[in-house]
Amino acid sequence: MGMTITEKILAIHSGRDRVSPGEIIQVKVDLALANDITAPLAIKVFEELGKKEVFDKERIVLVPDHFVPNKDIPSAQQVKFVRDFAKRYGIKNFFELGDVGIEHVLLPEKGLISPGDLIIGADSHTCTYGALGAFSTGVGSTDLGVIMATGETWLRVPETIKVIFNGSLKRWVYGKDLILYLLKEIGTEGAIYKAIEFAGSTIKELSMADRFTMANMAVECGAKNGIFEPDEKTRDYVKKAGAKEGIYLSSDPDAEYEKVIEIDASRIDPQVACPHSPDNVVSVNEIGNVKIDQAFIGSCTNGRIEDLRIASQVIKGKKVADGVRLIVIPSTPKIYKEAIEEGIISTFLDAGAVIGPPCCGPCLGGHMGILAEGEIAVSTTNRNFKGRMGHPESKVYLANPAVVAASAIAGRIISPEEL
Amino acid sequence: MKIEGRAWRFGDNIDTDVIIPARFLNTSDEKELAKGCFADLRPEFSKEAKKGDIIVAGKNFGCGSSREHAPVAIKACGISLIIAKSFARIFYRNAFNIGLPLLECEDAERIEEGDRLRVDLLKGEIINLDKEEKYYARPIPEFMMKIIEAGGLVNYVKSKK
């Protein structure tokens with residue numbers, strides 16, 4: 001019996017020839033990540049273990065990206081605590097304002113991730129790096145604190161669900177729509193404890209940005225990881241980022257899957273997840289009249305330069321509707337600079353948008369765009385749980401950057417086709 | 001390990017933003033976190049939960065973010081155990097790692113708010129004292145049980161040295 005790409009990466013990192021779903025294995029971790037919310041607890045755990053050194057100064061990444069620029073005194077204290085720890089233990093990869101972007105966009109961009117790597121992060125969207133053919137998954141702070149001390153953790157080998165998308169995409173349809181469509185099909189508990197492997201002709205044609213978006217939201221299906229077989233597009237991305245070459249693995253033809261789901265991607269329209277769950281998905285054409293107060297373009301899901309280009313293409317020469325607040329947050333300083341150089345930031349400003357500094361911002365209701373009671377937002381982010389972006393009586397709709405941009409102009413949720 | 005307490009009933013897909021909204025995440029002090037536990041969904045919870053109480057929920061409890069603050073806040077409110085039809089995987093790890101046991105039980109929906117429960121963790125046996133019923137949970141994997149017996153992952157790792 002062959003192995004899936006996920007099983008192969010786990011086997012390599014556990015020093016074994018093969019692993020099977022259901023086994024609990026001990027693995028070596030290539031990179032361990034935490035942010036300003038999860039690092040403080042992880043550091044406390046690390047210190048409780050009484051180790052004098054971290055397992056590897058080069059393999060720990062600390063990214064204060066959630067409540068920065070520090071939004072209040074407790075947030076400032078948390079970041080200071082992380083900064084002091086990074087200094088004391090000589091952590092090489094500590095990124096702060098000016099250097100900092102959203103962790104899951106920043107790490108690949110900085111060349112810290114290669115195909116075949118095993119990355120564990122104290123953030124649920126750590127699964128994003130599966131786009132590069134790596135195994136990556138989120139854990140909590142205690143797990144991460146132990147990893148900082150030992151460089152190892154335990155994992156249950158997941159069963160894999162293979163999702164095959166075939167066909168060419170319609171205009172204004174992106175990776176975001178494919179993953180929202182899958183959420184509609186399988187639900188938020190459809191892949192609990194499992195790996196999702198994306199395959200098919202549509203996937204081969206997808207840009208890296210789209211693959212990152214899809215792997216990012218694998219966790220919204222409950223998955224442990226989402227993964228793509230690395231190819232020439234991966235190779236180009238990794239090379240440009242200056243990462244080490246990595247290992248290019250693929251699933252064996254006789255690998256065992258728990259389930260195979262085939263989807264005709266050519267029939268998919270832009271999708272919208274309605275309140276209050278990412279699997280409450282309809283086609284944008286079925287949404288009806290949903291007036292909005294705020295539109296947000298950004299986050300680890302859709303704040304890459306490709307996303308900003310798509311949105312600016314829709315918005316160019318138009319104005320944001322009266323009474324609508326459009327917030328745009330480029331995910332990293334590099335993306336911000338590229339957006340300035342390409343005139344994208346000017347396009348947004350001319351339309352009446354506000355541009356925020358790279359951070360997680362309003363996605364998790366942290367700061368920089370909190371919703372009031374009864375307000376409605378359309379957002380390129382990944383979660384629309386009750387109260388996620390602010391007041392418990394506010395509502396969030398999730399969509400791709402083109403739909404969010406078009407909706408900001410129309411003042412209600414629409415397809416870019418309608419503009 | 002035996003646990004006895006009163007049930008707090010929750011529904012399906014209880015996410016970590018509902019367990020502890022992000023505005024409470026600017027601290028890792030567990031007493032402070034306890035104050036934010038279910039702050040919007042059930043504001044009375046953090047004040048009225050008693051030591052030993054048990055949360056009972058539907059499927060996919062703890063979905064969403066990796067914030068360990070969620071099980072920490074629940075435990076700091078005095079909760080001794082969570083019984084649900086299923087759990088999100090990061091929440092599952094986090095809870096065991098901090099010494100808060102979880103049981104997956106198909107019959108969780110038979111338990112109502114306020115029911116008094118007596119639970120044998122090792123056997124996975126849940127007795128509903130008010131309804132005089134008995135339910136069985138999926139056994140906790142041996143490896144996870146070792147973590148609980150050690151009082152959490154930190155103690156488990158220390159004990160292996």
# chains A, B, ... in the order shown; residues from 1 in each chain; ligands from 1
>>> residues_around(residues="Leu180 in chain A", least_positions_apart="2", cutoff="9 Å", atoms="only C-alpha atoms", output="PyMOL selection string")
chain A and resi 175-178+182-185+214+217+271-273+278-282+398-399
>>> write_last_selection(atoms="all heavy atoms", output="compact mmCIF listing (two decimals), in the first residue's frame")
# COMPACT_ATOMS: atom_id res chain seq x y z
N GLY A 175 -9.48 30.83 -5.59
CA GLY A 175 -9.27 29.79 -4.56
C GLY A 175 -10.26 29.94 -3.42
O GLY A 175 -10.76 28.95 -2.87
N LYS A 176 -10.57 31.19 -3.05
CA LYS A 176 -11.50 31.44 -1.95
C LYS A 176 -12.86 30.80 -2.22
O LYS A 176 -13.48 30.22 -1.32
CB LYS A 176 -11.67 32.97 -1.78
CG LYS A 176 -12.62 33.40 -0.66
CD LYS A 176 -12.09 32.95 0.69
CE LYS A 176 -12.69 33.73 1.85
NZ LYS A 176 -12.16 35.05 2.03
N ASP A 177 -13.30 30.90 -3.49
CA ASP A 177 -14.62 30.35 -3.84
C ASP A 177 -14.60 28.82 -3.79
O ASP A 177 -15.60 28.20 -3.42
CB ASP A 177 -15.04 30.87 -5.21
CG ASP A 177 -15.01 32.39 -5.22
OD1 ASP A 177 -15.83 32.99 -4.50
OD2 ASP A 177 -14.13 32.97 -5.88
N LEU A 178 -13.45 28.23 -4.19
CA LEU A 178 -13.35 26.77 -4.17
C LEU A 178 -13.43 26.25 -2.74
O LEU A 178 -14.13 25.27 -2.45
CB LEU A 178 -12.04 26.30 -4.83
CG LEU A 178 -11.82 26.72 -6.29
CD1 LEU A 178 -10.53 26.08 -6.81
CD2 LEU A 178 -13.00 26.31 -7.16
N LEU A 182 -16.33 24.01 -0.99
CA LEU A 182 -16.06 22.75 -0.27
C LEU A 182 -16.68 22.78 1.12
O LEU A 182 -17.26 21.78 1.58
CB LEU A 182 -14.54 22.50 -0.18
CG LEU A 182 -14.14 21.23 0.58
CD1 LEU A 182 -14.63 19.98 -0.16
CD2 LEU A 182 -12.63 21.16 0.78
N LEU A 183 -16.60 23.93 1.79
CA LEU A 183 -17.21 24.07 3.12
C LEU A 183 -18.71 23.83 3.06
O LEU A 183 -19.29 23.21 3.95
CB LEU A 183 -16.90 25.45 3.70
CG LEU A 183 -15.61 25.51 4.51
CD1 LEU A 183 -15.05 26.92 4.57
CD2 LEU A 183 -15.82 24.96 5.92
N LYS A 184 -19.33 24.35 1.99
CA LYS A 184 -20.77 24.12 1.83
C LYS A 184 -21.05 22.62 1.70
O LYS A 184 -22.00 22.11 2.26
CB LYS A 184 -21.27 24.87 0.58
CG LYS A 184 -22.72 24.60 0.26
CD LYS A 184 -23.32 25.62 -0.67
CE LYS A 184 -22.83 25.47 -2.09
NZ LYS A 184 -23.49 26.44 -2.99
N GLU A 185 -20.15 21.93 0.96
CA GLU A 185 -20.34 20.49 0.71
C GLU A 185 -20.14 19.64 1.96
O GLU A 185 -20.91 18.73 2.22
CB GLU A 185 -19.36 20.01 -0.38
CG GLU A 185 -19.63 20.59 -1.76
CD GLU A 185 -20.89 20.00 -2.40
OE1 GLU A 185 -20.92 18.76 -2.55
OE2 GLU A 185 -21.81 20.76 -2.74
N MET A 214 -6.60 28.58 0.03
CA MET A 214 -7.33 27.32 0.24
C MET A 214 -6.76 26.51 1.40
O MET A 214 -7.51 26.01 2.25
CB MET A 214 -7.30 26.48 -1.04
CG MET A 214 -8.11 27.11 -2.17
SD MET A 214 -8.07 26.12 -3.67
CE MET A 214 -9.13 24.75 -3.19
N MET A 217 -7.76 27.89 4.80
CA MET A 217 -9.11 27.63 5.32
C MET A 217 -9.43 26.14 5.47
O MET A 217 -10.57 25.79 5.77
CB MET A 217 -10.16 28.34 4.47
CG MET A 217 -10.12 29.86 4.70
SD MET A 217 -11.46 30.75 3.87
CE MET A 217 -12.90 30.22 4.79
N GLN A 271 -18.68 32.62 -4.34
CA GLN A 271 -19.42 32.10 -3.18
C GLN A 271 -19.37 33.11 -2.03
O GLN A 271 -18.41 33.86 -1.89
CB GLN A 271 -18.80 30.78 -2.71
CG GLN A 271 -18.71 29.71 -3.79
CD GLN A 271 -20.07 29.11 -4.11
OE1 GLN A 271 -20.74 28.55 -3.25
NE2 GLN A 271 -20.50 29.23 -5.37
N VAL A 272 -20.40 33.08 -1.19
CA VAL A 272 -20.44 33.94 -0.02
C VAL A 272 -20.86 33.09 1.19
O VAL A 272 -21.86 32.36 1.12
CB VAL A 272 -21.46 35.10 -0.18
CG1 VAL A 272 -21.47 35.99 1.06
CG2 VAL A 272 -21.12 35.94 -1.41
N ALA A 273 -20.07 33.18 2.28
CA ALA A 273 -20.47 32.50 3.52
C ALA A 273 -21.27 33.48 4.36
O ALA A 273 -20.80 34.57 4.69
CB ALA A 273 -19.24 32.02 4.29
N PRO A 278 -18.72 29.61 8.54
CA PRO A 278 -18.06 29.57 7.22
C PRO A 278 -18.66 28.52 6.29
O PRO A 278 -18.35 28.53 5.10
CB PRO A 278 -16.60 29.22 7.55
CG PRO A 278 -16.44 29.43 9.01
CD PRO A 278 -17.78 29.29 9.64
N ASP A 279 -19.51 27.63 6.80
CA ASP A 279 -20.11 26.64 5.90
C ASP A 279 -21.55 27.01 5.50
O ASP A 279 -22.22 26.27 4.79
CB ASP A 279 -20.07 25.22 6.50
CG ASP A 279 -20.88 25.08 7.79
OD1 ASP A 279 -21.51 26.08 8.23
OD2 ASP A 279 -20.88 23.98 8.35
N ASN A 280 -21.99 28.18 5.94
CA ASN A 280 -23.33 28.65 5.58
C ASN A 280 -23.24 29.41 4.24
O ASN A 280 -23.41 30.62 4.18
CB ASN A 280 -23.85 29.54 6.70
CG ASN A 280 -25.30 29.93 6.54
OD1 ASN A 280 -26.01 29.33 5.72
ND2 ASN A 280 -25.73 30.94 7.26
N VAL A 281 -22.93 28.66 3.19
CA VAL A 281 -22.47 29.25 1.93
C VAL A 281 -23.54 29.23 0.84
O VAL A 281 -24.24 28.23 0.67
CB VAL A 281 -21.20 28.49 1.44
CG1 VAL A 281 -20.78 28.97 0.05
CG2 VAL A 281 -20.06 28.67 2.44
N VAL A 282 -23.66 30.35 0.13
CA VAL A 282 -24.54 30.42 -1.05
C VAL A 282 -23.75 31.05 -2.20
O VAL A 282 -22.71 31.68 -1.98
CB VAL A 282 -25.81 31.27 -0.80
CG1 VAL A 282 -26.68 30.66 0.28
CG2 VAL A 282 -25.46 32.72 -0.47
N LEU A 398 -18.45 36.30 4.33
CA LEU A 398 -17.11 36.05 3.78
C LEU A 398 -17.18 35.89 2.27
O LEU A 398 -18.06 35.20 1.76
CB LEU A 398 -16.52 34.77 4.39
CG LEU A 398 -16.51 34.66 5.91
CD1 LEU A 398 -15.99 33.28 6.33
CD2 LEU A 398 -15.65 35.76 6.52
N ALA A 399 -16.22 36.52 1.56
CA ALA A 399 -16.21 36.41 0.10
C ALA A 399 -14.81 36.65 -0.44
O ALA A 399 -13.88 36.93 0.32
CB ALA A 399 -17.19 37.42 -0.49
>>> closest_atom_pairs(of="chain A", to="chain B", cutoff="9 Å", atoms="only C-alpha atoms", output="tab-separated table")
residue	atom	partner	partner_atom	distance
A:Ile24	CA	B:Phe143	CA	8.4
A:Asp36	CA	B:Asn26	CA	8.8
A:Ile37	CA	B:Leu25	CA	6.6
A:Thr38	CA	B:Arg67	CA	6.6
A:Pro40	CA	B:Ser28	CA	7.1
A:Leu41	CA	B:Ser28	CA	6.3
A:Val45	CA	B:Val154	CA	7.0
A:Phe46	CA	B:Val154	CA	8.7
A:Glu48	CA	B:Val154	CA	7.7
A:Leu49	CA	B:Lys158	CA	6.8
A:Phe67	CA	B:Asn26	CA	8.2
A:Asp72	CA	B:Asn26	CA	8.4
A:Ile73	CA	B:Asn26	CA	8.7
A:Pro74	CA	B:Asn26	CA	5.4
A:Ser75	CA	B:Asn26	CA	5.1
A:Ala76	CA	B:Asn26	CA	8.7
A:Gln77	CA	B:Asn26	CA	8.6
A:Gln78	CA	B:Asn26	CA	7.1
A:Ala122	CA	B:Ser66	CA	6.4
A:Asp123	CA	B:Ser66	CA	5.1
A:Ser124	CA	B:Ser66	CA	4.7
A:His125	CA	B:Ser65	CA	7.8
A:Gly138	CA	B:Ser66	CA	6.5
A:Val139	CA	B:Ile90	CA	5.5
A:Gly140	CA	B:Glu68	CA	5.2
A:Ser141	CA	B:Glu68	CA	6.0
A:Thr142	CA	B:Asn97	CA	6.5
A:Asp143	CA	B:Asn97	CA	7.3
A:Gly145	CA	B:Val154	CA	8.8
A:Val146	CA	B:Val154	CA	7.3
A:Thr188	CA	B:Asn60	CA	8.0
A:Glu189	CA	B:Asn60	CA	6.1
A:Ile192	CA	B:Ala88	CA	6.4
A:Tyr193	CA	B:Arg89	CA	5.7
A:Val219	CA	B:Gly64	CA	7.7
A:Glu220	CA	B:Gly64	CA	7.0
A:Gly222	CA	B:Ala88	CA	6.3
A:Ala223	CA	B:Arg89	CA	8.0
A:Lys224	CA	B:Arg89	CA	7.2
A:Ser277	CA	B:Asn13	CA	8.9
A:Leu364	CA	B:Ala22	CA	6.5
A:Gly365	CA	B:Ala22	CA	6.4
A:Gly366	CA	B:Ala22	CA	6.2
A:His367	CA	B:Arg23	CA	8.8
A:Arg383	CA	B:Gly64	CA	7.9
A:Phe385	CA	B:Asp17	CA	7.1
A:Lys386	CA	B:Val18	CA	7.1
A:Gly387	CA	B:Asp17	CA	7.4
A:Arg388	CA	B:Asp17	CA	6.3
A:Met389	CA	B:Ala22	CA	9.0
A:Gly390	CA	B:Arg23	CA	8.7
A:His391	CA	B:Asp40	CA	9.0
A:Pro392	CA	B:Asp40	CA	6.5
>>> select_by_dssp(residues="range 21-199 of chain A", states="strand (DSSP E)", output="PyMOL selection string")
chain A and resi 24-28+31-35+60-63+93-94+118-121+135-138+152-156+160-166+195-199
>>> atom_distance(atom1="CA of Trp8 in chain B", atom2="CA of Gly114 in chain B")
6.2 Å
>>> residues_around(residues="Glu48 in chain B", least_positions_apart="5", cutoff="10 Å", atoms="only C-alpha atoms", output="short mmCIF file (atom, residue, chain, number, x, y, z; two decimals) with N, CA and C atoms, in the first residue's frame")
data_model
loop_
_atom_site.label_atom_id
_atom_site.label_comp_id
_atom_site.auth_asym_id
_atom_site.auth_seq_id
_atom_site.Cartn_x
_atom_site.Cartn_y
_atom_site.Cartn_z
N PRO B 43 -23.60 35.39 29.75
CA PRO B 43 -22.85 36.28 30.65
C PRO B 43 -22.85 35.81 32.11
N CYS B 77 -12.96 28.69 35.45
CA CYS B 77 -14.32 28.88 35.97
C CYS B 77 -14.73 27.72 36.88
N GLY B 78 -13.90 26.69 36.96
CA GLY B 78 -14.19 25.57 37.85
C GLY B 78 -14.65 24.31 37.15
#
>>> atom_distance(atom1="CA of Arg110 in chain B", atom2="CA of Asn384 in chain A")
29.2 Å
>>> residues_around(residues="Ile54 in chain B", least_positions_apart="6", cutoff="9 Å", atoms="only C-alpha atoms", output="VMD selection string")
chain B and resid 3 to 9 78 to 83 116 to 117
>>> write_last_selection(atoms="N, CA and C atoms", output="CSV table (one decimal), in the first residue's frame")
chain,number,residue,atom,x,y,z
B,3,ILE,N,-15.6,12.0,38.6
B,3,ILE,CA,-16.0,13.4,38.6
B,3,ILE,C,-17.5,13.4,38.8
B,4,GLU,N,-17.9,14.4,39.7
B,4,GLU,CA,-19.3,14.6,39.8
B,4,GLU,C,-19.7,16.1,39.8
B,5,GLY,N,-20.7,16.4,39.0
B,5,GLY,CA,-21.0,17.8,38.9
B,5,GLY,C,-22.3,18.1,38.1
B,6,ARG,N,-22.7,19.3,38.0
B,6,ARG,CA,-23.9,19.8,37.4
B,6,ARG,C,-23.7,20.1,35.9
B,7,ALA,N,-24.6,19.8,35.0
B,7,ALA,CA,-24.4,20.1,33.6
B,7,ALA,C,-24.8,21.5,33.2
B,8,TRP,N,-23.9,22.1,32.4
B,8,TRP,CA,-24.2,23.3,31.6
B,8,TRP,C,-24.3,22.9,30.2
B,9,ARG,N,-25.5,23.2,29.6
B,9,ARG,CA,-25.8,22.7,28.3
B,9,ARG,C,-25.5,23.7,27.2
B,78,GLY,N,-13.9,26.7,37.0
B,78,GLY,CA,-14.2,25.6,37.8
B,78,GLY,C,-14.7,24.3,37.1
B,79,ILE,N,-14.8,24.4,35.8
B,79,ILE,CA,-15.3,23.2,35.1
B,79,ILE,C,-14.3,22.1,35.2
B,80,SER,N,-14.8,20.9,35.4
B,80,SER,CA,-13.9,19.7,35.6
B,80,SER,C,-13.9,18.8,34.4
B,81,LEU,N,-14.8,18.9,33.5
B,81,LEU,CA,-14.9,18.0,32.4
B,81,LEU,C,-15.8,18.6,31.3
B,82,ILE,N,-15.5,18.3,30.0
B,82,ILE,CA,-16.5,18.7,28.9
B,82,ILE,C,-16.9,17.4,28.2
B,83,ILE,N,-18.2,17.2,28.1
B,83,ILE,CA,-18.7,16.1,27.3
B,83,ILE,C,-19.3,16.6,26.1
B,116,ARG,N,-27.5,16.4,37.2
B,116,ARG,CA,-26.3,16.0,38.0
B,116,ARG,C,-25.7,14.8,37.4
B,117,LEU,N,-24.4,14.8,37.1
B,117,LEU,CA,-23.7,13.7,36.4
B,117,LEU,C,-22.6,13.1,37.3
>>> residues_around(residues="Pro108 in chain A", least_positions_apart="5", cutoff="10 Å", atoms="only C-alpha atoms", output="JSON, numbers by chain")
{"A": [103, 113, 114, 128, 129, 131, 132, 212, 237, 238, 241, 242, 243]}
>>> write_last_selection(atoms="all heavy atoms", output="compact mmCIF listing (two decimals), in the first residue's frame")
# COMPACT_ATOMS: atom_id res chain seq x y z
N GLU A 103 1.61 36.61 10.09
CA GLU A 103 2.52 35.46 10.17
C GLU A 103 2.46 34.52 8.95
O GLU A 103 3.49 34.17 8.38
CB GLU A 103 2.27 34.70 11.47
CG GLU A 103 0.79 34.42 11.73
CD GLU A 103 0.46 33.97 13.16
OE1 GLU A 103 1.36 33.46 13.85
OE2 GLU A 103 -0.70 34.11 13.58
N ILE A 113 9.88 28.71 4.69
CA ILE A 113 9.16 27.45 4.49
C ILE A 113 9.60 26.81 3.17
O ILE A 113 9.64 27.49 2.14
CB ILE A 113 7.63 27.68 4.40
CG1 ILE A 113 7.13 28.64 5.47
CG2 ILE A 113 6.88 26.35 4.38
CD1 ILE A 113 6.97 28.09 6.84
N SER A 114 9.88 25.51 3.20
CA SER A 114 10.18 24.77 1.97
C SER A 114 9.29 23.53 1.89
O SER A 114 8.81 23.04 2.90
CB SER A 114 11.65 24.32 1.97
OG SER A 114 12.50 25.44 2.07
N THR A 128 -1.79 26.99 6.55
CA THR A 128 -1.57 27.72 5.29
C THR A 128 -0.40 27.18 4.47
O THR A 128 -0.43 27.16 3.23
CB THR A 128 -1.31 29.21 5.60
OG1 THR A 128 -2.35 29.70 6.45
CG2 THR A 128 -1.28 30.05 4.33
N TYR A 129 0.67 26.73 5.16
CA TYR A 129 1.92 26.36 4.45
C TYR A 129 1.79 25.07 3.66
O TYR A 129 2.70 24.71 2.91
CB TYR A 129 3.09 26.29 5.43
CG TYR A 129 3.10 27.46 6.41
CD1 TYR A 129 3.13 27.25 7.78
CD2 TYR A 129 3.04 28.76 5.93
CE1 TYR A 129 3.09 28.32 8.66
CE2 TYR A 129 3.00 29.84 6.80
CZ TYR A 129 3.02 29.61 8.17
OH TYR A 129 2.97 30.67 9.03
N ALA A 131 0.15 24.82 1.22
CA ALA A 131 0.17 25.29 -0.17
C ALA A 131 1.53 25.03 -0.82
O ALA A 131 1.61 24.86 -2.03
CB ALA A 131 -0.14 26.78 -0.22
N LEU A 132 2.59 24.97 0.00
CA LEU A 132 3.94 24.75 -0.53
C LEU A 132 4.34 23.28 -0.46
O LEU A 132 5.52 22.95 -0.65
CB LEU A 132 4.95 25.60 0.26
CG LEU A 132 4.86 27.12 0.06
CD1 LEU A 132 5.70 27.86 1.09
CD2 LEU A 132 5.31 27.50 -1.35
N PHE A 212 -2.53 29.26 -1.22
CA PHE A 212 -2.39 29.68 0.18
C PHE A 212 -3.77 29.91 0.81
O PHE A 212 -4.04 29.50 1.93
CB PHE A 212 -1.56 30.97 0.30
CG PHE A 212 -0.07 30.76 0.20
CD1 PHE A 212 0.69 31.38 -0.78
CD2 PHE A 212 0.60 29.93 1.10
CE1 PHE A 212 2.07 31.19 -0.87
CE2 PHE A 212 1.98 29.74 1.02
CZ PHE A 212 2.71 30.37 0.04
N TYR A 237 8.16 29.90 -6.61
CA TYR A 237 7.86 30.72 -5.42
C TYR A 237 8.97 30.59 -4.39
O TYR A 237 9.48 31.58 -3.85
CB TYR A 237 6.51 30.29 -4.81
CG TYR A 237 6.14 31.13 -3.61
CD1 TYR A 237 5.29 32.23 -3.74
CD2 TYR A 237 6.66 30.85 -2.34
CE1 TYR A 237 4.97 33.02 -2.65
CE2 TYR A 237 6.35 31.64 -1.25
CZ TYR A 237 5.51 32.71 -1.41
OH TYR A 237 5.20 33.51 -0.32
N VAL A 238 9.35 29.35 -4.11
CA VAL A 238 10.34 29.06 -3.07
C VAL A 238 11.69 29.67 -3.44
O VAL A 238 12.39 30.23 -2.60
CB VAL A 238 10.44 27.53 -2.86
CG1 VAL A 238 11.63 27.17 -2.00
CG2 VAL A 238 9.16 27.00 -2.22
N ALA A 241 11.67 33.40 -3.01
CA ALA A 241 11.65 33.75 -1.59
C ALA A 241 13.01 33.50 -0.93
O ALA A 241 13.26 33.94 0.19
CB ALA A 241 10.56 32.98 -0.87
N GLY A 242 13.88 32.78 -1.63
CA GLY A 242 15.20 32.50 -1.08
C GLY A 242 15.22 31.37 -0.05
O GLY A 242 16.11 31.29 0.79
N ALA A 243 14.21 30.51 -0.12
CA ALA A 243 14.16 29.38 0.83
C ALA A 243 15.06 28.26 0.32
O ALA A 243 15.43 28.22 -0.85
CB ALA A 243 12.72 28.87 0.94
>>> residues_around(residues="range 336-341 of chain A", least_positions_apart="2", cutoff="12 Å", atoms="only C-alpha atoms", output="JSON, numbers by chain")
{"A": [98, 99, 100, 101, 102, 298, 303, 304, 305, 306, 307, 308, 309, 310, 311, 312, 328, 329, 330, 331, 332, 333, 334, 343, 344, 345, 346, 347, 348, 349, 355, 356, 357, 358, 359]}
>>> select_by_dssp(residues="range 39-149 of chain A", states="alpha helix (DSSP H)", output="ChimeraX atom specification")
/A:39-48,73-88,103-109,141-149
>>> closest_residue(among="B:Glu44, B:Lys75, B:Lys2, B:Cys105", to="Lys31 in chain B", atoms="only C-alpha atoms")
B:Lys75
>>> residues_around(residues="Thr137 in chain A", least_positions_apart="6", cutoff="7 Å", atoms="only C-alpha atoms", output="JSON, numbers by chain")
{"A": [119, 120, 121, 126, 127, 224, 225]}
>>> closest_residue(among="A:Gly361, A:Pro401, A:Gly246, A:Gly111", to="Ile315 in chain A", atoms="only C-alpha atoms")
A:Pro401
>>> closest_residue(among="A:Leu10, A:Val378, A:Ile409, A:Val68", to="Ala321 in chain A", atoms="only C-alpha atoms")
A:Ile409
>>> closest_residue(among="B:Ala76, B:Glu125, B:Gly62, B:Pro71", to="Ser46 in chain B", atoms="only C-alpha atoms")
B:Ala76
>>> closest_residue(among="B:Ile19, B:Ala34, B:Met1, B:Leu121", to="Ile140 in chain B", atoms="only C-alpha atoms")
B:Leu121
>>> closest_residue(among="B:Gly151, B:Asp130, B:Gly99, B:Tyr135", to="Glu112 in chain B", atoms="only C-alpha atoms")
B:Asp130
